[in-house]
Each structure stands twice: as structure tokens, then as C-alpha cells.
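K.L.:
Here it is: the structure, laid out below.
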Amino acid sequence: MSIIRLMIVDDHPLFRRGVRQLVDMDPELIVVAEASDGIEAVNKAVELSPNLVLLDLNMHPMDGIEVLRRMRDARVDSRIVMLTVSDADEDVVRALREGADGYLLKDMEPEEVLRQIREAAQGQVVMGPKMASLLASVVKGELPVTGDEVMSCLTARERDILRILARGLSNKMIARELDISEGTVKVHVKHLFKKLDLRSRVEAAVWASKHGLG
């Protein structure tokens with residue numbers, strides 16, 4: 001059994017306790033850290049490299065989007081899923097653009113939250129049921145994508161990785177499928193994001209789908 005190491009980031013102690021109690025119900029999940037503010041969250045994520053970070057959006061003085069941005073800037077490779085009360089379209093899109101691997105709402109059923117946590121840790125992009133319509137609109141083109149001429153800038157290996165990334169797989173899973181190192185995958189993904197002017201794996205998946213690589 002592979003243990004999934006979680007970090008909970010939320011400025012409400014009672015909510016953190018509730019999530020911890022929920023996670024404790026699953027023997028495959030373990031909470032390795034909690035954080036009540038952004039600076040603490042970034043520092044612990046860098047130090048502990050959890051498999052998955054559950055991150056609240058509405059925190060003070062640093063909101064969840066800024067925490068997410070700083071984690072990605074610090075090269076935190078953990079899966080990061082927003083767990084929040086906000087179902088505002090602009091919040092969802094901002095989170096995905098900044099590199100979130102999913103967006104879940106706090107009013108979801110506990111069993112569904114656990115299922116989504118496991119799927120996120122396995123490399124899938126997770127969205128709460130209420131987010132499905134927004135994700136559909138994103139795929140139809142609301143997120144900016146680069147034109148077809150950019151395709152000529154991609155190497156064969158980058159196209160292979162983009163196709164697999166579009167299926168929601170993690171770097172580790174991509175490395176296994178292509179029989180290359182995870183470090184090599186990270187380098188290719190970084191180059192892909194730069195060439196296509198993308199900021200998140202979700203945007204990359206949308207780009208691939210719109211250009212026939214999904």
C-alpha cells in the first residue's frame with residue numbers, strides 16, 4: 001500500500017481538524033503537516049515535499065492564489081488542490097492558471113473529498129461537481145491558447161509528453177510511460193510551458209486538446 005502524504009493549509013483551526021479527522025479514516029492517507037498562513041505553508045511545502053497540498057483560497061494576509069504562486073515559484077512539485085468555499089468562475093480560472101491541480105468545494109460530501117484526494121495524488125486533475133460546467137467552458141476556449149504555428153517549435157519528445165500530460169498524468173507517471181527520468185520530464189514540461197506561454201498543467205491539457213494532441 002502506497003501512503004499519500006498530505007499537508008493541510010487553512011487559517012481556520014476547526015476546519016483543519018475536521019479535514020485531519022476525515023483523512024484519518026483512510027489508511028492510505030496521512031497528514032504530515034498543517035499550516036495556518038501562507039509563509040508557513042510555503043516553507044513547510046519546500047521542507048517536507050508532501051505528495052498533496054490541500055490549500056484554502058480565502059486566507060489572510062496572503063490568499064491561496066498567492067500561496068500557490070509562491071509554491072510553484074519555489075519549485076514545489078507537490079500536487080496542489082484548492083479546497084475552498086468559493087465557486088466564483090474567476091477564482092477557479094485563476095487557480096488553474098497559477099498551477100493548481102484541482103479545485104474542490106468545502107461543501108462536498110466527505111466520501112467524495114476522499115475519493116478526489118486519492119485521484120489527485122495519482123496524477124489526475126480533480127474538480128468538484130459544481131465545477132464541471134466551468135471546466136467545459138474552459139475546454140471550449142475561454143483560457144488563452146497559442147496558435148497552430150507554435151506546433152513547429154515543439155520537439156517530438158515534447159509532443160509525446162504533451163499528449164500524455166493532457167491525460168492528467170503526473171511527471172512520475174509520464175517518466176514511467178516513456179522510460180525516461182522524472183527529472184528529464186520536468187525539464188521538458190518547463191520548456192513546454194515557456195514555448196506555449198502556459199502556466200498550468202490544465203492549460204497545457206486544454207491546449208493539447210484544441211490542437212489535436214489530446
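Every chain in the C-alpha cells takes a letter, A first, then B, and so on in the order presented; its residues are numbered from 1, and the ligands are numbered from 1 following the presented order.
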Could you give me, as a list in words, the residues within 7 Å of region 93-101 of chain A, counting only C-alpha atoms and dropping anything in the same chain fewer than 4 positions from it?

P.N.:
Ile65, Leu68, Arg69, Arg79, Ile80, Val81, Met82, Asp89, Val125, Val126, Arg199, Ser200, Arg201, Val202 and Glu203 of chain A

K.L.:
Write out, as a PDB file, in the first residue's frame, the residues just selected, with N, CA and C atoms.

P.N.:
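Ended up saving to out_33.pdb:
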```pdb
ATOM      1  N   ILE A  65      -4.217  31.992  -3.733  1.00  0.00           N
ATOM      2  CA  ILE A  65      -3.615  32.128  -5.063  1.00  0.00           C
ATOM      3  C   ILE A  65      -2.162  32.557  -4.948  1.00  0.00           C
ATOM      4  N   LEU A  68      -0.149  29.648  -3.690  1.00  0.00           N
ATOM      5  CA  LEU A  68       0.054  28.738  -4.822  1.00  0.00           C
ATOM      6  C   LEU A  68       1.166  29.229  -5.724  1.00  0.00           C
ATOM      7  N   ARG A  69       1.131  30.519  -6.047  1.00  0.00           N
ATOM      8  CA  ARG A  69       2.148  31.104  -6.928  1.00  0.00           C
ATOM      9  C   ARG A  69       3.537  30.965  -6.300  1.00  0.00           C
ATOM     10  N   ARG A  79       1.460  17.895  -5.711  1.00  0.00           N
ATOM     11  CA  ARG A  79       0.151  18.179  -6.269  1.00  0.00           C
ATOM     12  C   ARG A  79      -0.517  19.187  -5.341  1.00  0.00           C
ATOM     13  N   ILE A  80      -1.133  20.223  -5.889  1.00  0.00           N
ATOM     14  CA  ILE A  80      -1.774  21.259  -5.085  1.00  0.00           C
ATOM     15  C   ILE A  80      -3.226  21.397  -5.524  1.00  0.00           C
ATOM     16  N   VAL A  81      -4.138  21.161  -4.580  1.00  0.00           N
ATOM     17  CA  VAL A  81      -5.570  21.222  -4.864  1.00  0.00           C
ATOM     18  C   VAL A  81      -6.208  22.280  -3.971  1.00  0.00           C
ATOM     19  N   MET A  82      -6.935  23.196  -4.579  1.00  0.00           N
ATOM     20  CA  MET A  82      -7.652  24.201  -3.811  1.00  0.00           C
ATOM     21  C   MET A  82      -8.860  23.542  -3.151  1.00  0.00           C
ATOM     22  N   ASP A  89     -16.277  31.793 -10.840  1.00  0.00           N
ATOM     23  CA  ASP A  89     -15.560  31.378 -12.048  1.00  0.00           C
ATOM     24  C   ASP A  89     -14.145  31.940 -12.089  1.00  0.00           C
ATOM     25  N   VAL A 125      -6.242  15.564 -12.623  1.00  0.00           N
ATOM     26  CA  VAL A 125      -6.780  16.877 -12.300  1.00  0.00           C
ATOM     27  C   VAL A 125      -8.195  16.668 -11.771  1.00  0.00           C
ATOM     28  N   VAL A 126      -8.479  17.194 -10.567  1.00  0.00           N
ATOM     29  CA  VAL A 126      -9.774  16.944  -9.938  1.00  0.00           C
ATOM     30  C   VAL A 126     -10.578  18.234  -9.840  1.00  0.00           C
ATOM     31  N   ARG A 199       0.764  28.402 -17.965  1.00  0.00           N
ATOM     32  CA  ARG A 199       1.188  28.468 -16.570  1.00  0.00           C
ATOM     33  C   ARG A 199       0.754  27.265 -15.749  1.00  0.00           C
ATOM     34  N   SER A 200      -0.049  26.386 -16.314  1.00  0.00           N
ATOM     35  CA  SER A 200      -0.522  25.255 -15.528  1.00  0.00           C
ATOM     36  C   SER A 200      -0.697  24.027 -16.403  1.00  0.00           C
ATOM     37  N   ARG A 201      -0.763  22.871 -15.772  1.00  0.00           N
ATOM     38  CA  ARG A 201      -0.955  21.616 -16.482  1.00  0.00           C
ATOM     39  C   ARG A 201      -2.345  21.552 -17.098  1.00  0.00           C
ATOM     40  N   VAL A 202      -3.315  22.192 -16.459  1.00  0.00           N
ATOM     41  CA  VAL A 202      -4.670  22.207 -17.012  1.00  0.00           C
ATOM     42  C   VAL A 202      -4.684  22.986 -18.325  1.00  0.00           C
ATOM     43  N   GLU A 203      -4.034  24.147 -18.342  1.00  0.00           N
ATOM     44  CA  GLU A 203      -3.957  24.913 -19.582  1.00  0.00           C
ATOM     45  C   GLU A 203      -3.245  24.112 -20.669  1.00  0.00           C
TER      46      GLU A 203
END
```

K.L.:
Which residues, written as a tab-separated table (two decimals) with N, CA and C atoms, in the first residue's frame, have at least one atom at most 12 Å from Leu165 (chain A), with only C-alpha atoms counted and residues fewer than 2 positions away on the same chain left out?

P.N.:
```tsv
chain	number	residue	atom	x	y	z
A	101	ASP	N	-3.72	21.82	-9.33
A	101	ASP	CA	-4.01	20.52	-9.94
A	101	ASP	C	-5.45	20.11	-9.71
A	123	GLY	N	-2.20	11.72	-9.84
A	123	GLY	CA	-1.83	12.48	-11.02
A	123	GLY	C	-2.98	13.05	-11.83
A	124	GLN	N	-4.21	12.86	-11.37
A	124	GLN	CA	-5.35	13.37	-12.12
A	124	GLN	C	-5.70	14.79	-11.70
A	125	VAL	N	-6.24	15.56	-12.62
A	125	VAL	CA	-6.78	16.88	-12.30
A	125	VAL	C	-8.19	16.67	-11.77
A	158	GLU	N	8.77	16.52	-26.83
A	158	GLU	CA	7.85	17.44	-26.16
A	158	GLU	C	6.41	17.15	-26.56
A	159	ARG	N	6.19	16.78	-27.81
A	159	ARG	CA	4.83	16.42	-28.23
A	159	ARG	C	4.35	15.16	-27.53
A	160	ASP	N	5.25	14.18	-27.39
A	160	ASP	CA	4.90	12.95	-26.68
A	160	ASP	C	4.48	13.28	-25.25
A	161	ILE	N	5.28	14.10	-24.58
A	161	ILE	CA	5.00	14.44	-23.19
A	161	ILE	C	3.70	15.24	-23.09
A	162	LEU	N	3.47	16.14	-24.04
A	162	LEU	CA	2.25	16.94	-24.02
A	162	LEU	C	1.02	16.06	-24.18
A	163	ARG	N	1.10	15.05	-25.06
A	163	ARG	CA	-0.03	14.13	-25.26
A	163	ARG	C	-0.36	13.41	-23.95
A	167	ARG	N	-3.59	13.80	-20.55
A	167	ARG	CA	-4.41	12.77	-19.91
A	167	ARG	C	-4.44	12.92	-18.40
A	168	GLY	N	-3.74	13.93	-17.88
A	168	GLY	CA	-3.77	14.21	-16.46
A	168	GLY	C	-2.73	13.47	-15.64
A	169	LEU	N	-1.73	12.88	-16.31
A	169	LEU	CA	-0.72	12.11	-15.59
A	169	LEU	C	0.33	13.01	-14.95
A	170	SER	N	0.88	12.56	-13.84
A	170	SER	CA	1.93	13.28	-13.14
A	170	SER	C	3.26	13.09	-13.85
A	171	ASN	N	4.27	13.88	-13.46
A	171	ASN	CA	5.60	13.74	-14.05
A	171	ASN	C	6.14	12.34	-13.85
A	172	LYS	N	5.93	11.78	-12.67
A	172	LYS	CA	6.43	10.45	-12.38
A	172	LYS	C	5.80	9.42	-13.30
A	173	MET	N	4.49	9.54	-13.54
A	173	MET	CA	3.80	8.59	-14.39
A	173	MET	C	4.20	8.76	-15.86
A	174	ILE	N	4.45	10.01	-16.27
A	174	ILE	CA	4.93	10.26	-17.63
A	174	ILE	C	6.30	9.61	-17.82
A	175	ALA	N	7.16	9.77	-16.81
A	175	ALA	CA	8.51	9.19	-16.89
A	175	ALA	C	8.44	7.68	-17.05
A	177	GLU	N	5.97	5.92	-18.35
A	177	GLU	CA	5.40	5.55	-19.65
A	177	GLU	C	6.43	5.71	-20.77
A	178	LEU	N	7.28	6.74	-20.68
A	178	LEU	CA	8.26	7.00	-21.73
A	178	LEU	C	9.63	6.40	-21.42
A	185	VAL	N	11.60	14.68	-17.54
A	185	VAL	CA	10.22	15.10	-17.79
A	185	VAL	C	10.01	16.54	-17.30
A	186	LYS	N	10.52	16.83	-16.11
A	186	LYS	CA	10.36	18.18	-15.54
A	186	LYS	C	10.96	19.23	-16.46
A	188	HIS	N	11.41	19.00	-19.74
A	188	HIS	CA	10.58	19.11	-20.94
A	188	HIS	C	9.30	19.89	-20.65
A	189	VAL	N	8.68	19.62	-19.50
A	189	VAL	CA	7.44	20.32	-19.14
A	189	VAL	C	7.71	21.81	-18.99
A	192	LEU	N	8.00	23.25	-22.38
A	192	LEU	CA	6.67	23.31	-23.00
A	192	LEU	C	5.91	24.54	-22.53
A	193	PHE	N	5.89	24.75	-21.23
A	193	PHE	CA	5.14	25.88	-20.68
A	193	PHE	C	5.68	27.19	-21.23
A	200	SER	N	-0.05	26.39	-16.31
A	200	SER	CA	-0.52	25.25	-15.53
A	200	SER	C	-0.70	24.03	-16.40
A	201	ARG	N	-0.76	22.87	-15.77
A	201	ARG	CA	-0.95	21.62	-16.48
A	201	ARG	C	-2.34	21.55	-17.10
A	202	VAL	N	-3.32	22.19	-16.46
A	202	VAL	CA	-4.67	22.21	-17.01
A	202	VAL	C	-4.68	22.99	-18.33
A	203	GLU	N	-4.03	24.15	-18.34
A	203	GLU	CA	-3.96	24.91	-19.58
A	203	GLU	C	-3.24	24.11	-20.67
A	204	ALA	N	-2.21	23.37	-20.28
A	204	ALA	CA	-1.49	22.55	-21.25
A	204	ALA	C	-2.40	21.48	-21.83
A	205	ALA	N	-3.23	20.87	-20.97
A	205	ALA	CA	-4.17	19.84	-21.43
A	205	ALA	C	-5.19	20.43	-22.39
A	206	VAL	N	-5.67	21.64	-22.07
A	206	VAL	CA	-6.62	22.32	-22.95
A	206	VAL	C	-5.97	22.63	-24.30
A	207	TRP	N	-4.73	23.12	-24.26
A	207	TRP	CA	-4.00	23.43	-25.49
A	207	TRP	C	-3.87	22.18	-26.35
A	208	ALA	N	-3.47	21.09	-25.72
A	208	ALA	CA	-3.27	19.83	-26.45
A	208	ALA	C	-4.58	19.38	-27.09
A	209	SER	N	-5.69	19.49	-26.35
A	209	SER	CA	-6.98	19.07	-26.87
A	209	SER	C	-7.39	19.91	-28.08
A	213	LEU	N	-3.80	17.02	-29.95
A	213	LEU	CA	-2.83	16.17	-29.28
A	213	LEU	C	-3.41	15.47	-28.06
A	214	GLY	N	-4.65	15.77	-27.71
A	214	GLY	CA	-5.25	15.21	-26.50
A	214	GLY	C	-5.70	13.77	-26.71
```

K.L.:
Let's see if you can do this: from backbone DSSP, list all helix (DSSP H, G or I) residues in region 3-141 of chain A, as a PyMOL selection string.

P.N.:
chain A and resi 13-23+38-48+64-73+89-97+110-121+129-141

K.L.:
Determine the nearest neighbour of Leu52 (chain A) from the options A:Glu182, A:Glu109, A:Asp77, A:Asp11, counting only C-alpha atoms.

P.N.:
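The shortest atom-to-atom distance to Leu52 (chain A) comes from A:Asp77.
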
K.L.:
Using only C-alpha atoms, pick whichever of A:Ile117, A:Val67, A:Leu154, A:Ala88 has the shortest atom-to-atom distance to Lys194 (chain A).

P.N.:
A:Leu154

K.L.:
By how many Å are CA of Val31 (chain A) and CA of Ile8 (chain A) apart?

P.N.:
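If I compute the distance from CA of Val31 (chain A) to CA of Ile8 (chain A), I get 7.4 Å.
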